[in-house]
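For reference, entry.cif (mmCIF, C-alpha atoms):
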data_structure
#
loop_
_atom_site.label_atom_id
_atom_site.label_comp_id
_atom_site.auth_asym_id
_atom_site.auth_seq_id
_atom_site.Cartn_x
_atom_site.Cartn_y
_atom_site.Cartn_z
CA MET A 10 92.19 89.40 80.19
CA ASN A 11 92.05 86.23 82.28
CA ALA A 12 90.90 87.00 85.82
CA PHE A 13 93.95 85.27 87.23
CA GLU A 14 96.22 87.57 85.22
CA ILE A 15 94.31 90.59 86.56
CA LEU A 16 94.97 89.42 90.12
CA LYS A 17 98.67 89.00 89.37
CA GLN A 18 99.15 92.26 87.48
CA ARG A 19 97.39 94.34 90.12
CA GLY A 20 99.29 92.78 93.03
CA TYR A 21 96.61 90.52 94.53
CA PHE A 22 98.73 87.38 94.18
CA GLU A 23 101.31 86.10 96.64
CA TRP A 24 100.86 82.32 96.73
CA CYS A 25 98.54 79.71 95.23
CA THR A 26 97.99 75.99 95.76
CA SER A 27 98.22 75.40 91.99
CA GLU A 28 98.87 78.49 89.91
CA GLU A 29 98.70 76.92 86.45
CA ARG A 30 95.51 74.95 87.15
CA LEU A 31 93.69 77.89 88.75
CA ALA A 32 94.50 80.11 85.76
CA GLN A 33 93.09 77.44 83.44
CA VAL A 34 89.90 76.91 85.46
CA MET A 35 89.28 80.68 85.65
CA ASN A 36 89.62 80.83 81.87
CA ASP A 37 87.28 77.89 81.25
CA GLU A 38 84.37 78.59 83.59
CA MET A 39 82.73 80.99 86.01
CA ILE A 40 84.09 80.09 89.41
CA THR A 41 82.82 80.97 92.86
CA ALA A 42 85.40 82.42 95.25
CA TYR A 43 85.13 83.45 98.87
CA VAL A 44 86.85 85.62 101.41
CA GLY A 45 86.10 85.23 105.10
CA PHE A 46 86.27 87.89 107.76
CA ASP A 47 85.69 87.49 111.48
CA PRO A 48 83.57 90.50 112.54
CA THR A 49 85.50 91.38 115.69
CA ALA A 50 84.34 95.01 115.26
CA ASP A 51 81.25 96.63 113.76
CA SER A 52 83.29 98.08 110.91
CA LEU A 53 85.90 96.94 108.45
CA HIS A 54 89.23 98.78 108.29
CA VAL A 55 91.60 99.29 105.37
CA GLY A 56 93.47 96.12 106.32
CA HIS A 57 90.43 94.15 105.11
CA LEU A 58 90.31 95.81 101.71
CA ILE A 59 92.86 93.88 99.63
CA PRO A 60 90.94 90.55 99.69
CA LEU A 61 87.67 92.45 99.16
CA MET A 62 89.11 94.33 96.19
CA ALA A 63 90.36 91.03 94.78
CA LEU A 64 86.79 89.68 95.06
CA GLY A 65 85.53 92.83 93.35
CA TRP A 66 87.88 92.32 90.40
CA LEU A 67 86.89 88.66 90.10
CA GLN A 68 83.24 89.71 89.92
CA LYS A 69 84.02 92.34 87.27
CA SER A 70 85.66 89.51 85.31
CA GLY A 71 82.49 87.41 85.40
CA HIS A 72 83.05 85.25 88.48
CA ARG A 73 80.88 84.97 91.60
CA PRO A 74 82.10 86.29 94.97
CA ILE A 75 81.05 85.21 98.45
CA ALA A 76 81.73 87.41 101.45
CA LEU A 77 81.66 85.09 104.44
CA ALA A 78 80.95 86.64 107.82
CA GLY A 79 82.50 84.60 110.60
CA GLY A 80 79.59 84.62 113.02
CA GLY A 81 80.79 81.18 114.13
CA THR A 82 84.56 81.33 113.71
CA GLY A 83 84.58 84.82 115.18
CA LEU A 84 83.39 83.35 118.47
CA ILE A 85 86.68 81.44 118.59
CA GLY A 86 89.22 83.81 117.01
CA ASP A 87 91.86 83.02 114.42
CA PRO A 88 95.29 82.64 116.08
CA SER A 89 97.15 83.14 112.77
CA GLY A 90 99.83 85.76 113.26
CA LYS A 91 98.70 86.46 116.83
CA SER A 92 101.11 86.39 119.76
CA LYS A 93 98.43 86.01 122.43
CA GLU A 94 94.91 84.73 122.98
CA ARG A 95 92.03 86.83 121.69
CA ASN A 96 89.19 87.98 123.93
CA LEU A 97 86.04 85.99 123.17
CA LEU A 98 82.96 87.86 121.92
CA THR A 99 79.35 87.04 122.69
CA ILE A 100 76.92 85.87 120.00
CA GLU A 101 75.00 89.12 120.41
CA ALA A 102 78.14 91.24 119.89
CA MET A 103 79.07 89.19 116.82
CA GLN A 104 75.62 89.68 115.25
CA HIS A 105 75.79 93.41 115.94
CA ASN A 106 79.18 93.59 114.23
CA ILE A 107 77.96 91.68 111.17
CA GLU A 108 75.07 94.13 110.73
CA GLY A 109 77.55 97.01 110.86
CA VAL A 110 79.67 95.48 108.10
CA LYS A 111 76.89 94.53 105.66
CA ASN A 112 76.49 97.93 104.00
CA GLN A 113 80.26 98.40 103.74
CA LEU A 114 80.55 95.23 101.65
CA LYS A 115 78.11 96.68 99.12
CA LYS A 116 80.68 99.36 98.31
CA PHE A 117 82.93 96.73 96.74
CA LEU A 118 80.61 93.96 95.57
CA ASN A 119 77.42 93.91 93.49
CA PHE A 120 74.71 91.84 95.19
CA ASP A 121 72.16 92.26 92.39
CA CYS A 122 73.65 91.57 88.97
CA GLY A 123 72.30 88.19 87.93
CA GLU A 124 74.22 84.93 87.71
CA ASN A 125 77.40 86.20 89.37
CA SER A 126 75.72 88.34 92.05
CA ALA A 127 77.69 88.45 95.27
CA LEU A 128 76.50 86.53 98.33
CA LEU A 129 76.85 87.44 101.99
CA LEU A 130 76.75 84.36 104.20
CA ASN A 131 77.26 83.73 107.91
CA ASN A 132 79.12 80.57 108.93
CA TYR A 133 77.27 80.47 112.26
CA ASP A 134 74.31 79.15 110.23
CA TRP A 135 76.05 75.80 109.68
CA LEU A 136 78.84 75.61 112.23
CA SER A 137 76.36 75.97 115.09
CA LYS A 138 74.65 72.75 113.98
CA PHE A 139 77.71 70.53 114.51
CA THR A 140 78.11 68.68 117.79
CA PHE A 141 81.47 68.24 119.46
CA LEU A 142 81.35 64.53 118.65
CA ASP A 143 80.65 65.32 114.98
CA VAL A 144 83.79 67.43 114.79
CA LEU A 145 86.03 64.92 116.56
CA ARG A 146 84.76 61.84 114.71
CA ASP A 147 84.09 63.11 111.19
CA ILE A 148 86.48 66.05 110.79
CA GLY A 149 89.31 65.99 113.31
CA LYS A 150 90.68 62.68 111.98
CA PHE A 151 91.64 64.41 108.72
CA PHE A 152 94.00 66.86 110.45
CA SER A 153 97.48 65.97 111.62
CA VAL A 154 98.50 67.44 114.98
CA ASN A 155 102.12 67.08 113.82
CA ASN A 156 101.46 69.45 110.92
CA LEU A 157 99.53 71.92 113.05
CA ILE A 158 102.17 72.33 115.75
CA ALA A 159 104.84 72.76 113.08
CA ARG A 160 103.28 76.07 112.08
CA GLU A 161 105.51 78.94 113.13
CA TYR A 162 102.90 81.01 114.96
CA ILE A 163 101.74 77.97 116.96
CA LYS A 164 105.27 76.79 117.64
CA SER A 165 106.30 80.20 118.96
CA ARG A 166 103.39 80.25 121.41
CA LEU A 167 103.94 76.67 122.55
CA GLU A 168 107.57 77.43 123.31
CA ASP A 169 106.71 80.52 125.38
CA PRO A 170 105.25 79.55 128.79
CA GLU A 171 103.94 83.10 129.22
CA LYS A 172 101.77 82.83 126.10
CA GLY A 173 100.73 79.31 125.15
CA ILE A 174 97.69 78.54 123.00
CA SER A 175 94.34 77.17 124.06
CA TYR A 176 92.71 74.11 122.54
CA THR A 177 90.00 76.52 121.35
CA GLU A 178 92.28 78.60 119.15
CA PHE A 179 94.35 75.56 118.17
CA SER A 180 91.18 74.08 116.63
CA TYR A 181 90.34 77.15 114.55
CA VAL A 182 91.81 75.67 111.37
CA LEU A 183 89.20 72.88 111.47
CA LEU A 184 86.36 75.39 111.45
CA GLN A 185 87.79 77.29 108.50
CA ALA A 186 88.21 74.05 106.57
CA MET A 187 84.61 73.13 107.39
CA ASP A 188 83.53 76.47 105.92
CA PHE A 189 85.34 75.83 102.66
CA LYS A 190 83.82 72.37 102.33
CA TYR A 191 80.31 73.66 103.09
CA LEU A 192 80.62 76.42 100.48
CA HIS A 193 82.07 73.97 97.97
CA GLU A 194 79.26 71.46 98.43
CA ASN A 195 76.42 74.01 98.53
CA TYR A 196 77.64 76.79 96.23
CA ASN A 197 80.26 75.03 94.09
CA CYS A 198 82.92 77.32 95.60
CA LYS A 199 86.37 76.42 94.29
CA LEU A 200 88.57 79.23 95.57
CA GLN A 201 89.32 80.63 99.00
CA MET A 202 91.36 83.84 99.27
CA GLY A 203 92.92 85.69 102.17
CA GLY A 204 96.01 87.44 103.47
CA ASN A 205 99.35 85.67 103.34
CA ASP A 206 99.10 84.83 107.05
CA GLN A 207 96.21 82.55 106.03
CA GLN A 208 98.31 80.26 103.84
CA GLY A 209 98.30 77.37 106.32
CA ASN A 210 94.53 77.58 106.82
CA LEU A 211 93.86 77.73 103.08
CA LEU A 212 96.12 74.76 102.41
CA ALA A 213 94.43 72.77 105.18
CA GLY A 214 90.98 73.52 103.76
CA SER A 215 91.95 72.56 100.21
CA ASP A 216 93.53 69.34 101.48
CA TYR A 217 90.47 68.49 103.59
CA ILE A 218 88.15 68.81 100.57
CA ARG A 219 90.49 66.74 98.39
CA ARG A 220 90.73 63.95 100.98
CA THR A 221 86.98 63.80 101.67
CA THR A 222 85.54 64.40 98.18
CA GLY A 223 88.37 64.03 95.68
CA ASP A 224 87.45 67.43 94.21
CA GLU A 225 89.96 70.03 93.08
CA VAL A 226 89.79 73.39 94.87
CA PHE A 227 92.26 76.21 95.32
CA GLY A 228 93.69 78.60 97.87
CA LEU A 229 95.22 81.97 96.94
CA THR A 230 96.78 84.58 99.20
CA GLN A 231 97.40 88.29 98.88
CA PRO A 232 100.47 90.00 100.35
CA LEU A 233 100.40 91.51 103.81
CA LEU A 234 101.10 95.09 102.82
CA LEU A 235 103.90 97.15 104.30
CA THR A 236 104.73 100.73 103.40
CA SER A 237 108.12 101.57 101.89
CA SER A 238 109.22 102.58 105.40
CA GLY A 239 108.47 99.07 106.68
CA THR A 240 105.35 99.80 108.76
CA LYS A 241 102.14 97.78 108.55
CA PHE A 242 99.78 99.44 106.10
CA GLY A 243 96.52 100.75 107.53
CA LYS A 244 97.88 101.61 110.96
CA THR A 245 98.39 105.17 112.19
CA GLU A 246 99.32 106.70 115.51
CA ALA A 247 95.60 106.92 116.22
CA GLY A 248 95.12 103.20 115.41
CA ALA A 249 93.37 101.47 112.53
CA VAL A 250 91.85 103.42 109.64
CA TRP A 251 88.17 102.40 109.67
CA LEU A 252 85.55 102.49 106.93
CA ASP A 253 82.90 103.64 109.42
CA PRO A 254 82.77 107.47 109.28
CA GLU A 255 82.05 107.54 113.02
CA LYS A 256 85.35 105.76 113.75
CA THR A 257 87.50 107.50 111.10
CA SER A 258 86.06 110.69 109.65
CA PRO A 259 85.86 110.88 105.83
CA TYR A 260 88.36 113.75 105.93
CA LYS A 261 90.90 111.78 107.98
CA PHE A 262 90.24 108.78 105.72
CA TYR A 263 91.02 110.94 102.66
CA GLN A 264 94.14 112.36 104.30
CA PHE A 265 95.42 108.87 105.11
CA TRP A 266 95.53 108.06 101.40
CA PHE A 267 96.70 111.53 100.38
CA ASN A 268 99.74 111.17 102.66
CA THR A 269 100.96 108.10 100.76
CA GLU A 270 104.67 108.16 99.97
CA ASP A 271 105.69 108.49 96.33
CA LYS A 272 107.28 105.04 96.39
CA ASP A 273 103.99 103.41 97.38
CA VAL A 274 101.40 105.31 95.36
CA GLU A 275 101.46 103.24 92.14
CA LYS A 276 101.14 99.99 94.09
CA LEU A 277 98.22 101.36 96.10
CA LEU A 278 96.43 102.67 93.00
CA LYS A 279 96.54 99.13 91.59
CA LEU A 280 95.39 97.50 94.81
CA TYR A 281 92.77 99.90 96.14
CA THR A 282 91.07 101.41 93.08
CA PHE A 283 89.14 100.08 90.11
CA MET A 284 91.12 102.29 87.71
CA PRO A 285 92.36 100.51 84.55
CA LEU A 286 96.10 99.80 84.53
CA ASP A 287 96.76 102.01 81.51
CA GLU A 288 95.16 104.99 83.30
CA ILE A 289 97.28 104.31 86.37
CA ALA A 290 100.43 104.14 84.25
CA ALA A 291 99.60 107.47 82.56
CA LEU A 292 98.83 109.10 85.91
CA VAL A 293 102.04 107.85 87.52
CA ASN A 294 104.05 109.12 84.56
CA GLU A 295 102.42 112.56 84.90
CA HIS A 296 103.01 112.46 88.66
CA ASN A 297 106.70 111.63 88.23
CA ASN A 298 107.18 114.69 86.04
CA ALA A 299 105.94 116.96 88.86
CA PRO A 300 105.82 114.98 92.14
CA GLU A 301 105.39 118.16 94.18
CA LYS A 302 101.83 118.44 92.80
CA ARG A 303 100.95 115.03 94.35
CA LEU A 304 98.60 114.23 91.46
CA ALA A 305 98.74 110.48 92.06
CA GLN A 306 98.05 110.86 95.79
CA LYS A 307 95.09 113.15 95.09
CA LYS A 308 93.60 110.64 92.67
CA LEU A 309 94.20 107.73 95.05
CA ALA A 310 92.58 109.56 97.96
CA LEU A 311 89.60 110.66 95.86
CA GLU A 312 88.95 107.24 94.32
CA VAL A 313 89.15 105.22 97.56
CA THR A 314 87.09 107.78 99.49
CA LYS A 315 84.52 107.78 96.68
CA THR A 316 84.22 103.99 96.84
CA VAL A 317 83.82 103.92 100.63
CA HIS A 318 81.90 107.14 101.35
CA GLY A 319 80.29 108.10 98.03
CA GLN A 320 80.92 110.71 95.35
CA GLU A 321 79.47 113.73 97.19
CA THR A 322 81.41 113.12 100.40
CA ALA A 323 84.62 112.39 98.50
CA GLU A 324 84.40 115.67 96.59
CA SER A 325 83.58 117.55 99.80
CA VAL A 326 86.58 116.21 101.71
CA GLU A 327 88.75 116.94 98.68
CA ASN A 328 87.50 120.53 98.94
CA VAL A 329 88.21 120.53 102.68
CA SER A 330 91.76 119.42 102.00
CA ALA A 331 92.20 122.19 99.41
CA ILE A 332 90.79 124.79 101.82
CA LEU A 333 93.13 123.78 104.62
CA PHE A 334 96.30 123.46 102.58
CA ASN A 335 95.87 125.86 99.66
CA PRO A 336 95.89 129.53 100.79
CA ASN A 337 94.71 130.62 97.33
CA ILE A 338 91.49 128.58 97.33
CA ASP A 339 88.34 130.21 95.93
CA PHE A 340 85.75 130.10 98.73
CA SER A 341 82.83 131.11 96.51
CA SER A 342 82.22 127.46 95.52
CA VAL A 343 82.27 126.04 99.08
CA ASN A 344 78.97 124.29 99.85
CA GLU A 345 77.12 123.33 103.03
CA LYS A 346 78.39 119.73 102.96
CA THR A 347 82.00 120.94 102.90
CA CYS A 348 81.29 123.33 105.77
CA GLU A 349 79.77 120.56 107.89
CA ILE A 350 82.88 118.41 107.42
CA LEU A 351 85.17 121.34 108.20
CA LYS A 352 83.36 122.05 111.48
CA SER A 353 84.49 118.70 112.87
CA GLU A 354 88.08 118.97 111.63
CA VAL A 355 89.20 122.50 112.64
CA PRO A 356 88.77 124.76 115.70
CA TYR A 357 85.19 125.99 115.49
CA PHE A 358 83.52 128.88 117.31
CA GLU A 359 79.86 129.81 117.09
CA GLY A 360 78.54 133.15 118.31
CA ALA A 361 76.31 136.13 117.60
CA PHE A 362 77.84 139.22 115.99
CA ASP A 363 76.40 142.57 114.95
CA PHE A 364 77.16 143.42 111.34
CA PRO A 365 79.09 145.22 110.06
CA ALA A 366 81.53 143.39 112.36
CA GLY A 367 85.13 144.42 112.97
CA VAL A 368 87.77 141.94 111.84
CA ILE A 369 89.75 142.32 115.10
CA ASN A 370 86.72 141.31 117.15
CA LEU A 371 85.98 138.35 114.86
CA ILE A 372 89.55 137.09 114.99
CA SER A 373 89.99 137.30 118.74
CA ALA A 374 86.48 136.07 119.61
CA SER A 375 86.95 133.00 117.41
CA GLY A 376 90.13 132.01 119.24
CA ALA A 377 92.27 132.40 116.14
CA CYS A 378 94.25 134.93 118.18
CA GLU A 379 94.31 135.13 121.96
CA SER A 380 93.78 138.91 122.12
CA ASN A 381 92.96 141.99 120.07
CA GLY A 382 96.61 142.99 120.27
CA GLU A 383 97.78 139.68 118.83
CA ALA A 384 95.18 139.98 116.06
CA LYS A 385 96.44 143.47 115.18
CA ARG A 386 100.05 142.26 115.02
CA ALA A 387 99.10 139.34 112.79
CA ILE A 388 97.34 141.71 110.37
CA ARG A 389 100.28 144.16 110.34
CA GLN A 390 102.61 141.25 109.55
CA GLY A 391 100.46 140.35 106.51
CA GLY A 392 99.50 136.88 107.72
CA VAL A 393 95.69 137.12 108.02
CA SER A 394 93.01 136.22 105.52
CA ILE A 395 89.26 135.78 105.96
CA ASN A 396 87.36 133.68 103.41
CA GLY A 397 90.44 133.78 101.21
CA LYS A 398 90.72 137.59 101.19
CA LYS A 399 93.89 139.03 102.71
CA ILE A 400 93.18 141.50 105.52
CA THR A 401 95.47 144.54 105.46
CA ASP A 402 93.42 147.04 107.47
CA GLU A 403 92.92 146.28 111.15
CA HIS A 404 89.91 148.63 111.17
CA GLU A 405 88.11 146.81 108.36
CA ASN A 406 84.51 145.70 108.87
CA LEU A 407 82.80 142.70 107.27
CA ASN A 408 79.22 142.68 106.08
CA GLN A 409 76.85 139.72 106.13
CA ASP A 410 77.31 139.22 102.41
CA SER A 411 80.87 138.13 103.26
CA LEU A 412 79.52 134.96 104.93
CA ILE A 413 79.97 131.57 103.24
CA CYS A 414 76.67 129.67 102.90
CA GLY A 415 75.13 132.62 104.70
CA LYS A 416 76.65 131.79 108.09
CA TYR A 417 80.37 130.91 108.09
CA LEU A 418 83.72 132.68 108.13
CA PHE A 419 87.10 131.01 107.60
CA ILE A 420 90.05 132.70 109.28
CA ARG A 421 93.61 131.80 108.33
CA ILE A 422 96.54 133.04 110.43
CA GLY A 423 99.87 132.35 108.79
CA ARG A 424 100.29 129.10 106.86
CA LYS A 425 99.10 126.54 109.40
CA LYS A 426 96.50 128.11 111.68
CA PHE A 427 92.92 127.79 110.44
CA ASN A 428 89.75 128.62 112.40
CA MET A 429 86.09 128.53 111.49
CA VAL A 430 83.36 130.82 112.79
CA GLY A 431 79.63 130.07 112.73
CA ILE A 432 77.32 133.10 112.95
CA LYS A 433 74.20 132.65 115.07
CA LYS A 434 71.09 134.21 113.61
#

Take the structure in this file and express it as structure tokens.
Amino acid sequence: MNAFEILKQRGYFEWCTSEERLAQVMNDEMITAYVGFDPTADSLHVGHLIPLMALGWLQKSGHRPIALAGGGTGLIGDPSGKSKERNLLTIEAMQHNIEGVKNQLKKFLNFDCGENSALLLNNYDWLSKFTFLDVLRDIGKFFSVNNLIAREYIKSRLEDPEKGISYTEFSYVLLQAMDFKYLHENYNCKLQMGGNDQQGNLLAGSDYIRRTTGDEVFGLTQPLLLTSSGTKFGKTEAGAVWLDPEKTSPYKFYQFWFNTEDKDVEKLLKLYTFMPLDEIAALVNEHNNAPEKRLAQKKLALEVTKTVHGQETAESVENVSAILFNPNIDFSSVNEKTCEILKSEVPYFEGAFDFPAGVINLISASGACESNGEAKRAIRQGGVSINGKKITDEHENLNQDSLICGKYLFIRIGRKKFNMVGIKK
């Protein structure tokens, strides 16, 4: 299938400078395409993933991707879609952020596969060499101020005396166009991609190259994704969903995808996984026959977590999710990796106990119940299980062979309360 058709069928297409011509060029030759990101943090978040996934699919189709780190443009800040001025970062902070993002890019792009190996470049390497006079004399004359101030996001800030826009941010579009031209001249890059809020910048870059070289290049945007409830995708009450496990734990990352609404899950499977379309269609059909099983959400969460955090971690957080939400889970297969993840996601108590140990003491000491009396009542009401085994006798004792991985107990009180106990040697 033509790479352009893959982009359209999977939902990576919103707008293009010349749809028919780009489809033809992609069919006739290997093209080089780039996506830029300003590293304003030392991790990407899920809002960055659609353009990256689009690059990944282009590479799988035989084309060459460039991930462009905005070490230069990030010092300025893109005003597109912003209602106020960004805080400026130092060069040192920008370099630190780029280092943090490098390994994340390798999850989506192959940097060692021959002719179409991905490239990671930093626009500070060339933008820092331009003087102010260079930009004004040789570049600025190709950009109409009339066209720039007609842009909606600039117009809205110019009309609001409380906001305004600095000359610094106003000039951002020139830097992005300079990037495109540099990549075109040095790497034969013919396509720039980005979110739909980048349409004006992409058009300006394509026009700049045409006016200065006569060459044909293209801009293509992906949709800015909203959920079926109208909220911006990738945002939660806790903030952005990060790829860095220190910022968003793998378990919370998995749960973010698992909590996808039924109306959104097919679209997200197409956008955020490398699953073939026929497999997605079969899965969605199976899901629709029994939506309460959440088969599509489970697959989505597993696949995206596997891409970002690796197979072992993805399977472990899937097990954690099953442990927390399935009261009939078999604990005999729980491994150390799963236990380590659980420790950071549920109330955890660590202490020394003499075995055989009474269940009442274990329950109250762990904090699962506030007192021995409350623990006894919970058992009498039939709502207590330890390591998946229902406790019916308040006088029962547990032996050390009851421990998971030789040192853990999992206590469930009712349907929602789950505590973990670590046994000190």

Answer key for the PyMOL selection byres ((chain A and resi 196-201) around 9), residues as an NGL selection string: :A and (31 or 40-45 or 73 or 75 or 189-195 or 202-203 or 211 or 214-215 or 225-230)

I would like the residues chosen by the PyMOL selection byres ((chain A and resi 425-430) around 6) on the shown file; could you give them as number ranges by chain? A: 356-359, 377, 417-424, 431

Could those residues be written to a file, using C-alpha atoms, as a compact mmCIF listing (two decimals), keeping the file's coordinate frame?
# COMPACT_ATOMS: atom_id res chain seq x y z
CA PRO A 356 88.77 124.76 115.70
CA TYR A 357 85.19 125.99 115.49
CA PHE A 358 83.52 128.88 117.31
CA GLU A 359 79.86 129.81 117.09
CA ALA A 377 92.27 132.40 116.14
CA TYR A 417 80.37 130.91 108.09
CA LEU A 418 83.72 132.68 108.13
CA PHE A 419 87.10 131.01 107.60
CA ILE A 420 90.05 132.70 109.28
CA ARG A 421 93.61 131.80 108.33
CA ILE A 422 96.54 133.04 110.43
CA GLY A 423 99.87 132.35 108.79
CA ARG A 424 100.29 129.10 106.86
CA GLY A 431 79.63 130.07 112.73

Restricting the calculation to only C-alpha atoms, which member of A:Glu327, A:Ile15, A:Ala63, A:Glu101 is positioned closest to A:Thr49?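 Closest residue, counting only C-alpha atoms: A:Glu101.
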
Expressed in Å to a single decimal, how great is the separation between atom CA of A:Pro336 and atom CA of A:Glu321?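 So the two atoms, atom CA of A:Pro336 and atom CA of A:Glu321, lie 23.1 Å apart.
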
Translate the PyMOL selection byres ((chain A and resi 76-79) around 6), as applied to the file shown, into an explicit residue set as a ChimeraX atom specification. /A:43-47,75,80-83,129-132

So the first atom is atom CA of A:Asp37 and the second is atom CA of A:Gly71; what is the distance between them in Å, to one decimal place?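 Here the two named atoms are 11.4 Å from each other.
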
Please list as a count of residues only every residue within 9 Å of A:Trp66, counting all atoms listed in the file and excluding residues in the same chain fewer than 3 positions away. 11

Please provide as a ChimeraX atom specification all residues within 12 Å of A:Leu277, with the sequence filter that same-chain residues fewer than 6 positions apart are discarded (counting all atoms listed in the file). /A:19-21,55,58-59,62,234-237,242-243,266-271,283-284,286,289,293,305-306,308-310,312-313

Between atom CA of A:Val326 and atom CA of A:Ile369, measure the distance and give it in Å to one decimal.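 These atoms are spaced 29.5 Å apart.
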
Size and centre in Å, one decimal, axis-aligned box, all listed stretch 410-429 of chain A atoms plus 3 Å per side, as lines of an AutoDock Vina configuration file:
center_x = 87.7
center_y = 132.9
center_z = 107.4
size_x = 31.2
size_y = 18.7
size_z = 16.0

Nearest candidate to A:His296 (options A:Arg389, A:Lys261, A:Lys138, A:Lys272; using only C-alpha atoms):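 Between A:Arg389, A:Lys261, A:Lys138, A:Lys272, the residue approaching A:His296 most closely is A:Lys272.
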
With distances taken over all atoms listed in the file, which residue among A:Leu212, A:Ala387, A:Val34, A:Leu84 lies nearest A:Leu97? A:Leu84

Residues near A:Arg386, cut-off 12 Å, all atoms listed in the file, skip fewer than 6 positions along chain, as a PDB file with C-alpha atoms, in the frame of the given file:
ATOM      1  CA  ILE A 369      89.750 142.320 115.100  1.00  0.00           C
ATOM      2  CA  ILE A 372      89.550 137.090 114.990  1.00  0.00           C
ATOM      3  CA  SER A 373      89.990 137.300 118.740  1.00  0.00           C
ATOM      4  CA  CYS A 378      94.250 134.930 118.180  1.00  0.00           C
ATOM      5  CA  GLU A 379      94.310 135.130 121.960  1.00  0.00           C
ATOM      6  CA  SER A 380      93.780 138.910 122.120  1.00  0.00           C
ATOM      7  CA  GLY A 392      99.500 136.880 107.720  1.00  0.00           C
ATOM      8  CA  VAL A 393      95.690 137.120 108.020  1.00  0.00           C
ATOM      9  CA  ILE A 400      93.180 141.500 105.520  1.00  0.00           C
ATOM     10  CA  THR A 401      95.470 144.540 105.460  1.00  0.00           C
ATOM     11  CA  ASP A 402      93.420 147.040 107.470  1.00  0.00           C
ATOM     12  CA  GLU A 403      92.920 146.280 111.150  1.00  0.00           C
ATOM     13  CA  ILE A 422      96.540 133.040 110.430  1.00  0.00           C
ATOM     14  CA  GLY A 423      99.870 132.350 108.790  1.00  0.00           C
TER      15      GLY A 423
END

Which residues, protein or nucleic acid, reach to within 10 Å of (83.0, 110.2, 101.9) in the file's coordinates when using all atoms listed in the file, and can you give that as a ChimeraX atom specification? /A:252-254,258-260,262-263,311,313-327,350

Next, dump the selected residues to file, keeping only C-alpha atoms, as an mmCIF file, in the frame of the given file.
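Written file, result.cif:
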data_model
loop_
_atom_site.group_PDB
_atom_site.id
_atom_site.type_symbol
_atom_site.label_atom_id
_atom_site.label_comp_id
_atom_site.auth_asym_id
_atom_site.auth_seq_id
_atom_site.Cartn_x
_atom_site.Cartn_y
_atom_site.Cartn_z
ATOM 1 C CA LEU A 252 85.550 102.490 106.930
ATOM 2 C CA ASP A 253 82.900 103.640 109.420
ATOM 3 C CA PRO A 254 82.770 107.470 109.280
ATOM 4 C CA SER A 258 86.060 110.690 109.650
ATOM 5 C CA PRO A 259 85.860 110.880 105.830
ATOM 6 C CA TYR A 260 88.360 113.750 105.930
ATOM 7 C CA PHE A 262 90.240 108.780 105.720
ATOM 8 C CA TYR A 263 91.020 110.940 102.660
ATOM 9 C CA LEU A 311 89.600 110.660 95.860
ATOM 10 C CA VAL A 313 89.150 105.220 97.560
ATOM 11 C CA THR A 314 87.090 107.780 99.490
ATOM 12 C CA LYS A 315 84.520 107.780 96.680
ATOM 13 C CA THR A 316 84.220 103.990 96.840
ATOM 14 C CA VAL A 317 83.820 103.920 100.630
ATOM 15 C CA HIS A 318 81.900 107.140 101.350
ATOM 16 C CA GLY A 319 80.290 108.100 98.030
ATOM 17 C CA GLN A 320 80.920 110.710 95.350
ATOM 18 C CA GLU A 321 79.470 113.730 97.190
ATOM 19 C CA THR A 322 81.410 113.120 100.400
ATOM 20 C CA ALA A 323 84.620 112.390 98.500
ATOM 21 C CA GLU A 324 84.400 115.670 96.590
ATOM 22 C CA SER A 325 83.580 117.550 99.800
ATOM 23 C CA VAL A 326 86.580 116.210 101.710
ATOM 24 C CA GLU A 327 88.750 116.940 98.680
ATOM 25 C CA ILE A 350 82.880 118.410 107.420
#

Excluding stretch 118-120 of chain A and any residue of its chain fewer than 3 positions from it, enumerate the residues within 9 Å of it, using only C-alpha atoms, and give them as a list in words. Leu61, Met62, Leu64, Gly65, Gln68, Pro74, Ala76, Leu114, Lys115, Gly123, Asn125, Ser126, Ala127, Leu128 and Leu129 of chain A

Let me make sure I understand: among A:Ala361, A:Ala290, A:Ala299, A:Val182, which one has the smallest atom-to-atom distance to A:Leu157 if we use only C-alpha atoms? A:Val182

Write out as a short mmCIF file (atom, residue, chain, number, x, y, z; two decimals) with C-alpha atoms, in the coordinates of the input each polymer residue whose atoms come within 8 Å of A:Asn205, counting only C-alpha atoms; drop sequence neighbours fewer than 4 positions from it.
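The resulting around.cif:
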data_model
loop_
_atom_site.label_atom_id
_atom_site.label_comp_id
_atom_site.auth_asym_id
_atom_site.auth_seq_id
_atom_site.Cartn_x
_atom_site.Cartn_y
_atom_site.Cartn_z
CA GLU A 23 101.31 86.10 96.64
CA TRP A 24 100.86 82.32 96.73
CA THR A 230 96.78 84.58 99.20
CA GLN A 231 97.40 88.29 98.88
CA PRO A 232 100.47 90.00 100.35
CA LEU A 233 100.40 91.51 103.81
#
